[in-house]
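Asks: A single structure is presented below for examination.
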Amino acid sequence: MWENDPCVRLEKKDLCMFLARLMEESPDCHAPSDEFNKTGIVICESNTVHKMVAMSFSKPGLHAVQQIIRCLPSSLRDCTVYLSRKPCTTCTTFLIQGSVSSVYYWPVAPEKKGDGVEEDIQQSDCMFLRSHISSSVLLPMTSFETVKMIAKKIQCKGQLKLDDQTEDFKEYCSLFNICEDTCTKRMENALRCYKFLLECSQLEKKKPEDEVHRHALQLCYFLAARSDDPNRGVGCTIYSQDGYFFGAGYNGYPIGILYANLPWAGRKKQKTGLAKREVVVHAEANALLYRSKCKIEETDILYCTKPPCSDCQNLLKDVKIKTIHFVEESSKQSDKVSVKVLKENFKEKYQEVGLHMED
């Protein structure tokens, strides 16, 4: 595996688990009540594409599962659900009734807390066992060395802290009585990879309200880590003012095509044939292709790790997107032109300047 190999990317399930955990860390995520922990959720179609239907989180009075059902009641059937915590009995009931295919969650403190936790866990397990839905813990398996290579490809901008020890690690071990070396190493690796990607995608916060935008852009950086573009990973999300992300995409080669047989480099036509630019699908286009909400409202917001190119801007303008938040990080003339056109084509934009990466 070499640095520019398209295989240097996150696995689909690993990406979804990381995103579910990151959704829990949204500044808008809150515990439904004093009896429950706040929770993040990611919904994916269970097929080869693994299309992300929606991402959301719990709010006061609403569990994460309830939030998704409120927004997308008909989109759960046969989907795979990724949660940042083991679902409580109430959420288990909704997942079974929604006919999802499987549920995965991080091995951390469950959604239910306080008195009755053990009873709630047992009841939830009992319901899953008696239903058609599989439920299990899932820890990302991507190696830390791979994640370090991914960080370079997606051009993260924060401070890289390779030796950070995660505060959650001891809690995880004590909660699940983990003593085997293999399980311990897997858990430590998963948390280290997550913290690394999170730290190196930290962006400057100029105003308190920037926190929400910064979190959304961090989601984009995680999505970019799935890209199979050999030179640059780009991530994109579309956010609804109803409180959930209904579009997610990253740049890469078309589905089902072996990228080894396609151009690997160049924006302009090469002497030997087409350039990579002609065959790679951009993150913004993928987010639009796989969005779960057909009609885009004027209040919906698109986030991207770099300024959209002119072609993507035309697509976004056609579907009536008016607000774009992106990371302005390059002094290249092409990016300057993209930013200039953005000012002309869209009513609003938001510039987030990244911090420099440390060696």
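Just remember, in the structure tokens the first chain shown is A, the second B, etc., residues are 1-based per chain, and ligands are 1-based in the order shown.
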Fewer than 5 positions away in the same chain doesn't count, so skip those; otherwise give me all residues within 9 Å of range 29-33 of chain A, counting only C-alpha atoms, as JSON, numbers by chain.
Replies: {"A": [23, 24, 38, 39, 40, 56, 57, 58, 59, 60, 61, 62, 63, 64]}
Asks: For Leu219 in chain A, work out the shell of residues within 10 Å, counting only C-alpha atoms and skipping chain neighbours fewer than 4 positions away, then give it as a list in words.
Replies: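 In the requested form, the answer reads Phe18, Leu19, Ala20, Leu22, Met23, Ser26, Leu198, Ser201, His213, Arg214, His215, Leu223, Ala224, Gly235, Cys236, Thr237, Ala248, Tyr303, Cys304 and Thr305 of chain A.
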Asks: Do a neighbour search on Cys79 in chain A at 9 Å with only C-alpha atoms, toss out local chain neighbours closer than 5 positions, and write the hits as number ranges by chain.
Replies: A: 43-47, 53, 99-103
Asks: Mind checking which residues fall within 7 Å of range 239-245 of chain A, counting only C-alpha atoms, ignoring those fewer than 2 positions away in the same chain, and posting them as an mmCIF file with C-alpha atoms, in the first residue's frame?
Replies:
data_model
loop_
_atom_site.group_PDB
_atom_site.id
_atom_site.type_symbol
_atom_site.label_atom_id
_atom_site.label_comp_id
_atom_site.auth_asym_id
_atom_site.auth_seq_id
_atom_site.Cartn_x
_atom_site.Cartn_y
_atom_site.Cartn_z
ATOM 1 C CA ALA A 54 -29.583 10.468 6.941
ATOM 2 C CA MET A 55 -27.481 11.490 9.943
ATOM 3 C CA SER A 56 -28.875 13.065 13.084
ATOM 4 C CA THR A 237 -22.981 17.098 3.263
ATOM 5 C CA GLY A 247 -27.194 14.187 1.735
ATOM 6 C CA THR A 299 -33.040 27.088 3.958
ATOM 7 C CA ASP A 300 -31.010 23.908 3.350
ATOM 8 C CA ILE A 301 -27.229 24.301 3.588
ATOM 9 C CA LEU A 302 -24.425 22.563 1.716
#
Asks: To one decimal place in Å, what is the distance between CA of Leu139 in chain A and CA of Gln67 in chain A?
Replies: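 CA of Gln67 in chain A lies 24.4 Å from CA of Leu139 in chain A.
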